[in-house]
file model-v9.cif (mmCIF, C-alpha atoms and all ligand atoms)
data_my_file
loop_
_atom_site.label_atom_id
_atom_site.label_comp_id
_atom_site.auth_asym_id
_atom_site.auth_seq_id
_atom_site.Cartn_x
_atom_site.Cartn_y
_atom_site.Cartn_z
CA MET A 1 14.66 12.74 6.40
CA SER A 2 14.81 15.00 3.36
CA GLY A 3 11.90 17.47 3.39
CA ALA A 4 11.19 17.74 -0.36
CA LEU A 5 10.51 13.99 -0.54
CA PHE A 6 7.91 13.99 2.26
CA GLY A 7 4.70 15.87 2.94
CA ALA A 8 3.42 16.71 6.43
CA ASP A 9 2.40 14.00 8.91
CA PRO A 10 -1.24 12.97 8.96
CA ALA A 11 -3.01 13.62 12.29
CA ARG A 12 -2.90 10.82 14.86
CA ASP A 13 -4.53 10.92 18.29
CA PRO A 14 -2.49 10.39 21.49
CA ARG A 15 -2.99 6.62 21.41
CA PHE A 16 -0.41 6.43 18.61
CA VAL A 17 3.38 6.61 18.73
CA VAL A 18 4.55 7.71 15.27
CA LYS A 19 8.03 6.82 14.00
CA GLU A 20 9.81 7.96 10.86
CA ARG A 21 11.95 4.97 10.01
CA TRP A 22 11.22 1.25 9.89
CA ILE A 23 14.23 0.45 12.08
CA ASP A 24 12.68 2.49 14.95
CA CYS A 25 9.52 0.32 15.03
CA ASP A 26 9.13 -2.86 17.10
CA ASN A 27 9.58 -5.31 14.17
CA LEU A 28 8.96 -8.44 16.25
CA ALA A 29 10.48 -11.72 15.04
CA ARG A 30 8.20 -14.11 13.14
CA ASP A 31 8.12 -16.53 16.07
CA HIS A 32 7.24 -13.82 18.64
CA PRO A 33 3.77 -14.44 20.14
CA LEU A 34 2.66 -10.88 19.19
CA HIS A 35 4.02 -11.01 15.64
CA ARG A 36 0.58 -11.50 14.04
CA VAL A 37 -1.02 -8.78 16.18
CA GLN A 38 1.73 -6.39 15.18
CA PHE A 39 1.26 -7.32 11.50
CA PHE A 40 -2.49 -6.58 11.58
CA HIS A 41 -1.89 -3.36 13.55
CA ARG A 42 0.52 -2.21 10.84
CA GLN A 43 -1.95 -3.11 8.09
CA MET A 44 -4.68 -1.20 9.93
CA ASN A 45 -2.60 1.98 10.00
CA GLU A 46 -1.60 1.53 6.33
CA GLU A 47 -5.27 1.42 5.37
CA VAL A 48 -5.83 4.65 7.32
CA ASP A 49 -2.90 6.21 5.43
CA SER A 50 -4.50 5.19 2.15
CA LEU A 51 -7.88 6.60 3.23
CA GLU A 52 -6.20 9.87 4.22
CA ALA A 53 -4.22 10.13 0.97
CA SER A 54 -7.36 9.64 -1.16
CA ALA A 55 -9.31 12.10 1.00
CA GLN A 56 -6.45 14.61 0.67
CA ALA A 57 -6.59 14.21 -3.13
CA LEU A 58 -10.29 15.16 -3.03
CA VAL A 59 -9.38 18.28 -1.05
CA ASP A 60 -6.32 19.25 -3.10
CA PHE A 61 -7.77 18.69 -6.61
CA PRO A 62 -11.34 20.03 -6.63
CA GLU A 63 -11.09 20.63 -10.40
CA ALA A 64 -10.46 16.92 -11.22
CA ALA A 65 -13.07 15.16 -13.37
CA TRP A 66 -16.22 14.26 -11.42
CA ALA A 67 -15.96 10.58 -12.40
CA LEU A 68 -12.44 10.44 -10.94
CA ARG A 69 -13.49 12.25 -7.76
CA LEU A 70 -16.30 9.73 -7.35
CA GLN A 71 -13.82 6.86 -7.60
CA LEU A 72 -11.56 8.52 -5.02
CA ALA A 73 -14.54 8.92 -2.68
CA ARG A 74 -15.42 5.24 -3.12
CA GLN A 75 -11.81 4.38 -2.39
CA CYS A 76 -12.06 6.34 0.89
CA ALA A 77 -15.08 4.24 1.90
CA ASP A 78 -13.28 1.00 0.97
CA GLU A 79 -10.08 1.90 2.87
CA ALA A 80 -12.10 2.87 5.96
CA ARG A 81 -13.79 -0.55 5.84
CA HIS A 82 -10.40 -2.27 5.49
CA ALA A 83 -8.97 -0.33 8.46
CA LEU A 84 -11.92 -1.42 10.63
CA ALA A 85 -11.53 -5.04 9.51
CA TYR A 86 -7.82 -5.03 10.44
CA ARG A 87 -8.65 -3.41 13.77
CA ALA A 88 -11.07 -6.29 14.40
CA GLN A 89 -8.24 -8.76 13.61
CA VAL A 90 -6.00 -6.95 16.15
CA GLU A 91 -8.68 -6.98 18.84
CA ARG A 92 -9.69 -10.57 18.14
CA ARG A 93 -6.16 -11.53 19.17
CA GLY A 94 -6.25 -9.44 22.37
CA GLY A 95 -4.42 -6.44 20.90
CA HIS A 96 -5.43 -2.79 20.92
CA VAL A 97 -5.13 0.36 18.83
CA GLY A 98 -1.82 2.11 19.54
CA GLN A 99 -0.12 -1.02 20.88
CA PHE A 100 2.77 -0.65 18.43
CA PRO A 101 4.52 2.37 16.89
CA VAL A 102 3.26 3.26 13.40
CA LEU A 103 4.82 4.67 10.21
CA ASN A 104 2.97 7.12 8.01
CA PHE A 105 5.43 7.18 5.12
CA GLN A 106 2.82 6.26 2.48
CA TYR A 107 0.72 9.35 3.17
CA ARG A 108 3.79 11.57 3.42
CA ILE A 109 5.39 10.27 0.21
CA ILE A 110 2.13 10.48 -1.78
CA THR A 111 1.17 13.99 -0.62
CA ALA A 112 4.66 15.36 -1.33
CA ARG A 113 3.61 15.35 -5.02
CA ASP A 114 1.57 18.30 -6.19
CA ASP A 115 -0.28 16.73 -9.15
CA LEU A 116 -3.01 14.12 -9.04
CA ILE A 117 -1.61 11.76 -11.69
CA SER A 118 1.68 11.49 -9.76
CA ARG A 119 -0.27 10.66 -6.61
CA LEU A 120 -2.25 7.95 -8.42
CA VAL A 121 0.99 6.56 -9.86
CA ILE A 122 2.57 6.28 -6.40
CA GLN A 123 -0.43 5.40 -4.24
CA ASN A 124 -2.56 3.16 -6.45
CA ARG A 125 -0.26 1.99 -9.20
CA SER A 126 2.80 1.33 -6.98
CA PHE A 127 1.96 0.88 -3.28
CA GLU A 128 -1.42 -0.75 -3.89
CA ALA A 129 -0.24 -2.84 -6.84
CA GLY A 130 2.43 -4.22 -4.49
CA GLY A 131 -0.39 -4.80 -2.02
CA LEU A 132 -2.18 -7.00 -4.58
CA ASP A 133 0.77 -9.40 -4.51
CA ALA A 134 0.87 -9.39 -0.68
CA ILE A 135 -2.89 -9.96 -0.30
CA ALA A 136 -3.03 -12.74 -2.92
CA TYR A 137 -0.21 -14.42 -0.99
CA GLY A 138 -2.14 -13.84 2.27
CA VAL A 139 -5.22 -15.63 0.87
CA GLU A 140 -3.16 -18.76 0.16
CA GLU A 141 -1.40 -18.60 3.52
CA ALA A 142 -4.64 -18.14 5.50
CA ARG A 143 -6.24 -21.09 3.65
CA LYS A 144 -3.22 -23.27 4.47
CA LEU A 145 -3.50 -22.30 8.15
CA GLY A 146 -7.23 -23.12 8.08
CA ASP A 147 -8.24 -19.52 8.88
CA HIS A 148 -11.05 -19.31 6.33
CA GLU A 149 -12.59 -16.18 7.84
CA LEU A 150 -9.31 -14.31 7.28
CA ALA A 151 -8.98 -15.78 3.77
CA GLU A 152 -12.46 -14.50 2.91
CA PHE A 153 -11.67 -11.03 4.24
CA TYR A 154 -8.47 -10.96 2.16
CA GLU A 155 -10.43 -12.03 -0.95
CA ALA A 156 -12.94 -9.20 -0.45
CA GLN A 157 -10.11 -6.73 0.15
CA LEU A 158 -8.29 -7.97 -2.95
CA ALA A 159 -11.38 -7.24 -5.08
CA ASP A 160 -11.50 -3.68 -3.69
CA GLU A 161 -7.78 -3.08 -4.20
CA ILE A 162 -7.97 -4.37 -7.79
CA SER A 163 -10.61 -1.73 -8.49
CA HIS A 164 -8.39 1.01 -6.95
CA VAL A 165 -5.42 0.04 -9.09
CA ARG A 166 -7.62 -0.31 -12.18
CA PHE A 167 -9.21 3.12 -12.03
CA ALA A 168 -5.78 4.68 -11.49
CA ASN A 169 -4.40 2.79 -14.50
CA GLU A 170 -7.33 4.05 -16.61
CA TRP A 171 -6.84 7.70 -15.63
CA ILE A 172 -3.07 7.50 -16.01
CA ARG A 173 -3.40 6.06 -19.54
CA LYS A 174 -5.95 8.74 -20.43
CA SER A 175 -3.63 11.44 -19.17
CA LEU A 176 -0.68 9.97 -21.12
CA LYS A 177 -2.76 10.02 -24.28
CA GLU A 178 -3.81 13.64 -23.76
CA ASP A 179 -0.35 14.87 -22.84
CA PRO A 180 2.69 12.61 -23.43
CA ARG A 181 4.76 14.84 -21.12
CA THR A 182 2.86 13.18 -18.27
CA LEU A 183 5.40 10.37 -18.68
CA LEU A 184 8.25 12.67 -17.63
CA ARG A 185 6.35 13.83 -14.56
CA MET A 186 5.57 10.21 -13.66
CA GLY A 187 9.27 9.34 -13.93
CA VAL A 188 10.35 12.21 -11.68
CA SER A 189 7.66 11.36 -9.11
CA LEU A 190 8.43 7.64 -9.05
CA ASN A 191 12.10 8.40 -8.61
CA ALA A 192 11.40 10.70 -5.67
CA ALA A 193 9.07 8.12 -4.13
CA ALA A 194 11.67 5.35 -4.48
CA GLN A 195 14.32 7.56 -2.87
CA ALA A 196 11.97 8.44 0.01
CA PHE A 197 10.98 4.78 0.46
CA ARG A 198 14.66 3.78 0.77
CA GLN A 199 15.18 6.45 3.43
CA VAL A 200 12.29 5.08 5.50
CA MET A 201 12.91 1.37 5.10
CA GLY A 202 16.70 1.10 4.86
CA SER A 203 17.94 -2.28 3.63
CA GLU A 204 16.57 -4.03 6.76
CA GLY A 205 12.93 -3.13 6.11
CA THR A 206 12.73 -4.56 2.61
CA GLU A 207 14.62 -7.84 3.08
CA GLY A 208 12.31 -10.78 2.39
CA ALA A 209 9.37 -8.46 1.81
CA ASP A 210 8.82 -9.35 -1.85
CA TYR A 211 5.87 -11.50 -2.79
CA PRO A 212 5.50 -13.29 -6.11
CA ALA A 213 3.59 -11.15 -8.64
CA ALA A 214 -0.17 -11.86 -8.47
CA VAL A 215 -0.54 -12.31 -12.22
CA GLN A 216 -4.34 -12.55 -12.50
CA ALA A 217 -4.95 -9.74 -9.98
CA ARG A 218 -2.54 -7.46 -11.86
CA LEU A 219 -4.19 -8.24 -15.20
CA ASP A 220 -7.62 -7.57 -13.64
CA ALA A 221 -6.23 -4.28 -12.32
CA GLY A 222 -5.50 -3.09 -15.86
CA PHE A 223 -1.80 -3.80 -16.24
CA THR A 224 -0.85 -5.09 -19.71
CA PRO A 225 0.49 -8.68 -20.02
CA GLU A 226 3.92 -7.16 -20.76
CA GLU A 227 3.84 -5.06 -17.58
CA VAL A 228 2.80 -8.09 -15.52
CA GLU A 229 5.57 -10.20 -17.06
CA THR A 230 8.17 -7.51 -16.20
CA ALA A 231 6.91 -7.27 -12.60
CA ALA A 232 7.02 -11.08 -12.26
CA GLN A 233 10.58 -11.25 -13.62
CA MET A 234 11.81 -8.47 -11.34
CA GLN A 235 10.27 -10.07 -8.26
CA ALA A 236 11.67 -13.51 -9.14
CA ALA A 237 15.14 -12.00 -9.64
CA GLN A 238 14.95 -10.19 -6.28
CA ALA A 239 13.84 -13.37 -4.51
CA GLN A 240 16.69 -15.30 -6.11
CA ALA A 241 19.24 -12.65 -5.14
CA GLN A 242 17.97 -12.71 -1.54
CA ALA A 243 18.05 -16.49 -1.39
CA ALA A 244 21.60 -16.50 -2.77
CA ALA A 245 22.61 -13.97 -0.10
CA GLY A 246 21.09 -16.22 2.60
CA GLY A 247 18.23 -13.77 3.11
CA PRO A 248 15.29 -14.47 5.37
CA ALA A 249 12.21 -16.39 4.27
CA ARG A 250 9.25 -14.37 3.05
CA ALA A 251 7.41 -12.47 5.83
FE FE A 301 -7.22 -0.98 1.36
FE FE A 302 -6.80 0.54 -1.82
#
call {"tool": "encode", "arguments": {"input": "model-v9.cif", "output": "structure tokens", "more": "lines below"}}
Ligand SMILES: [Fe+2]
Ligand SMILES: [Fe+2]
result
Amino acid sequence: MSGALFGADPARDPRFVVKERWIDCDNLARDHPLHRVQFFHRQMNEEVDSLEASAQALVDFPEAAWALRLQLARQCADEARHALAYRAQVERRGGHVGQFPVLNFQYRIITARDDLISRLVIQNRSFEAGGLDAIAYGVEEARKLGDHELAEFYEAQLADEISHVRFANEWIRKSLKEDPRTLLRMGVSLNAAAQAFRQVMGSEGTEGADYPAAVQARLDAGFTPEEVETAAQMQAAQAQAQAAAGGPARA
């Protein structure tokens, strides 16, 4: 995979097998008995990636405003709590840490950028905003399955993730106001991140992975109504295109 698009791997202890591309992971079918365990294991590692990316931002940008550093530190605490909660979900179902290969593309794509606003744009405003849609969908799904404990965990996580996306949106807008050239840097960084994401996921890894836009969560997270409307339209169009192509049902 192209070096300029990816930073170094985060550390993982010997329990973990780390892969670079989605296709090299287990990717069990939805009806496989371990599918749910694998899903929670993947979420657990993604939370660790997010914790590590925010912690790395604290290390790499010591000159950032104190109020922003405080929010990044709080984010680290939240992501650590989420990782532990997903680990508990894995273990509750008889699974264990390291049972499945993991991907660390989020950390590597985020830390490839050398300015803090670009990292917030990719980590919080893109990956985590997408997470809002997935978690809001998860709440509904867990309620339908009667797993109220899981639904409540998702609701608590959603509240945390909304605050992560919101503080990023606030700092990004502030930076845009202070220096309009920020917009150019954001464009370059988002482009690089999208290119890197395609290299990791291929077409297989993103099929059926779109969730409907979580309108209220996105508004709460500081997106404007116009931005939410655009996200909703794009996701609906993608879902339609996948359905027309006989794509798989939502994961
Ligand atoms: Fe999280
Ligand atoms: Fe988060």
call {"tool": "residues_near_ligand", "arguments": {"input": "model-v9.cif", "ligand": "ligand FE 302 (chain A)", "cutoff": "6 Å", "atoms": "all atoms listed in the file", "output": "PDB file with C-alpha atoms, in the frame of the given file"}}
result
ATOM      1  CA  GLU A  79     -10.080   1.900   2.870  1.00  0.00           C
ATOM      2  CA  GLU A 128      -1.420  -0.750  -3.890  1.00  0.00           C
ATOM      3  CA  GLU A 161      -7.780  -3.080  -4.200  1.00  0.00           C
ATOM      4  CA  HIS A 164      -8.390   1.010  -6.950  1.00  0.00           C
TER       5      HIS A 164
END
call {"tool": "residues_near_ligand", "arguments": {"input": "model-v9.cif", "ligand": "ligand FE 301 (chain A)", "cutoff": "9 Å", "atoms": "all atoms listed in the file", "output": "list of chain:residue names"}}
result
A:Gln43, A:Met44, A:Glu46, A:Glu47, A:Val48, A:Ser50, A:Leu51, A:Gln75, A:Cys76, A:Asp78, A:Glu79, A:Ala80, A:Arg81, A:His82, A:Ala83, A:Glu128, A:Gly131, A:Gln157, A:Leu158, A:Asp160, A:Glu161, A:His164
call {"tool": "residues_around", "arguments": {"input": "model-v9.cif", "residues": "Ala73 (chain A)", "least_positions_apart": "4", "cutoff": "8 Å", "atoms": "all atoms listed in the file", "output": "PyMOL selection string"}}
result
chain A and resi 54-55+58+69+77
call {"tool": "closest_residue", "arguments": {"input": "model-v9.cif", "among": "A:His32, A:Gln89, A:Pro101, A:Ala168", "to": "Pro14 (chain A)", "atoms": "all atoms listed in the file"}}
result
A:Pro101
call {"tool": "atom_distance", "arguments": {"input": "model-v9.cif", "atom1": "CA of Ile122 (chain A)", "atom2": "CA of Val165 (chain A)"}}
result
10.5 Å
call {"tool": "residues_around", "arguments": {"input": "model-v9.cif", "residues": "Ser126 (chain A)", "least_positions_apart": "6", "cutoff": "12 Å", "atoms": "all atoms listed in the file", "output": "PDB file with C-alpha atoms, keeping the file's coordinate frame"}}
result
ATOM      1  CA  GLN A 106       2.820   6.260   2.480  1.00  0.00           C
ATOM      2  CA  ILE A 109       5.390  10.270   0.210  1.00  0.00           C
ATOM      3  CA  ILE A 110       2.130  10.480  -1.780  1.00  0.00           C
ATOM      4  CA  SER A 118       1.680  11.490  -9.760  1.00  0.00           C
ATOM      5  CA  ARG A 119      -0.270  10.660  -6.610  1.00  0.00           C
ATOM      6  CA  LEU A 120      -2.250   7.950  -8.420  1.00  0.00           C
ATOM      7  CA  LEU A 132      -2.180  -7.000  -4.580  1.00  0.00           C
ATOM      8  CA  ASP A 133       0.770  -9.400  -4.510  1.00  0.00           C
ATOM      9  CA  GLU A 161      -7.780  -3.080  -4.200  1.00  0.00           C
ATOM     10  CA  HIS A 164      -8.390   1.010  -6.950  1.00  0.00           C
ATOM     11  CA  VAL A 165      -5.420   0.040  -9.090  1.00  0.00           C
ATOM     12  CA  ARG A 166      -7.620  -0.310 -12.180  1.00  0.00           C
ATOM     13  CA  ALA A 168      -5.780   4.680 -11.490  1.00  0.00           C
ATOM     14  CA  ASN A 169      -4.400   2.790 -14.500  1.00  0.00           C
ATOM     15  CA  MET A 186       5.570  10.210 -13.660  1.00  0.00           C
ATOM     16  CA  SER A 189       7.660  11.360  -9.110  1.00  0.00           C
ATOM     17  CA  LEU A 190       8.430   7.640  -9.050  1.00  0.00           C
ATOM     18  CA  ASN A 191      12.100   8.400  -8.610  1.00  0.00           C
ATOM     19  CA  ALA A 193       9.070   8.120  -4.130  1.00  0.00           C
ATOM     20  CA  ALA A 194      11.670   5.350  -4.480  1.00  0.00           C
ATOM     21  CA  PHE A 197      10.980   4.780   0.460  1.00  0.00           C
ATOM     22  CA  ARG A 218      -2.540  -7.460 -11.860  1.00  0.00           C
ATOM     23  CA  ALA A 221      -6.230  -4.280 -12.320  1.00  0.00           C
ATOM     24  CA  PHE A 223      -1.800  -3.800 -16.240  1.00  0.00           C
ATOM     25  CA  ALA A 231       6.910  -7.270 -12.600  1.00  0.00           C
TER      26      ALA A 231
END
call {"tool": "atom_distance", "arguments": {"input": "model-v9.cif", "atom1": "CA of Val102 (chain A)", "atom2": "CA of Arg125 (chain A)"}}
result
22.9 Å
call {"tool": "closest_residue", "arguments": {"input": "model-v9.cif", "among": "A:Leu34, A:Met234, A:Ala213, A:Cys25", "to": "Glu91 (chain A)", "atoms": "all atoms listed in the file"}}
result
A:Leu34
call {"tool": "closest_residue", "arguments": {"input": "model-v9.cif", "among": "A:Asp115, A:Glu229, A:Asp220, A:Glu149", "to": "Arg185 (chain A)", "atoms": "only C-alpha atoms"}}
result
A:Asp115
call {"tool": "residues_around", "arguments": {"input": "model-v9.cif", "residues": "Val17 (chain A)", "least_positions_apart": "6", "cutoff": "12 Å", "atoms": "only C-alpha atoms", "output": "ChimeraX atom specification"}}
result
/A:11,24-26,45,97-104
call {"tool": "atom_distance", "arguments": {"input": "model-v9.cif", "atom1": "CA of Arg36 (chain A)", "atom2": "CA of Arg93 (chain A)"}}
result
8.5 Å
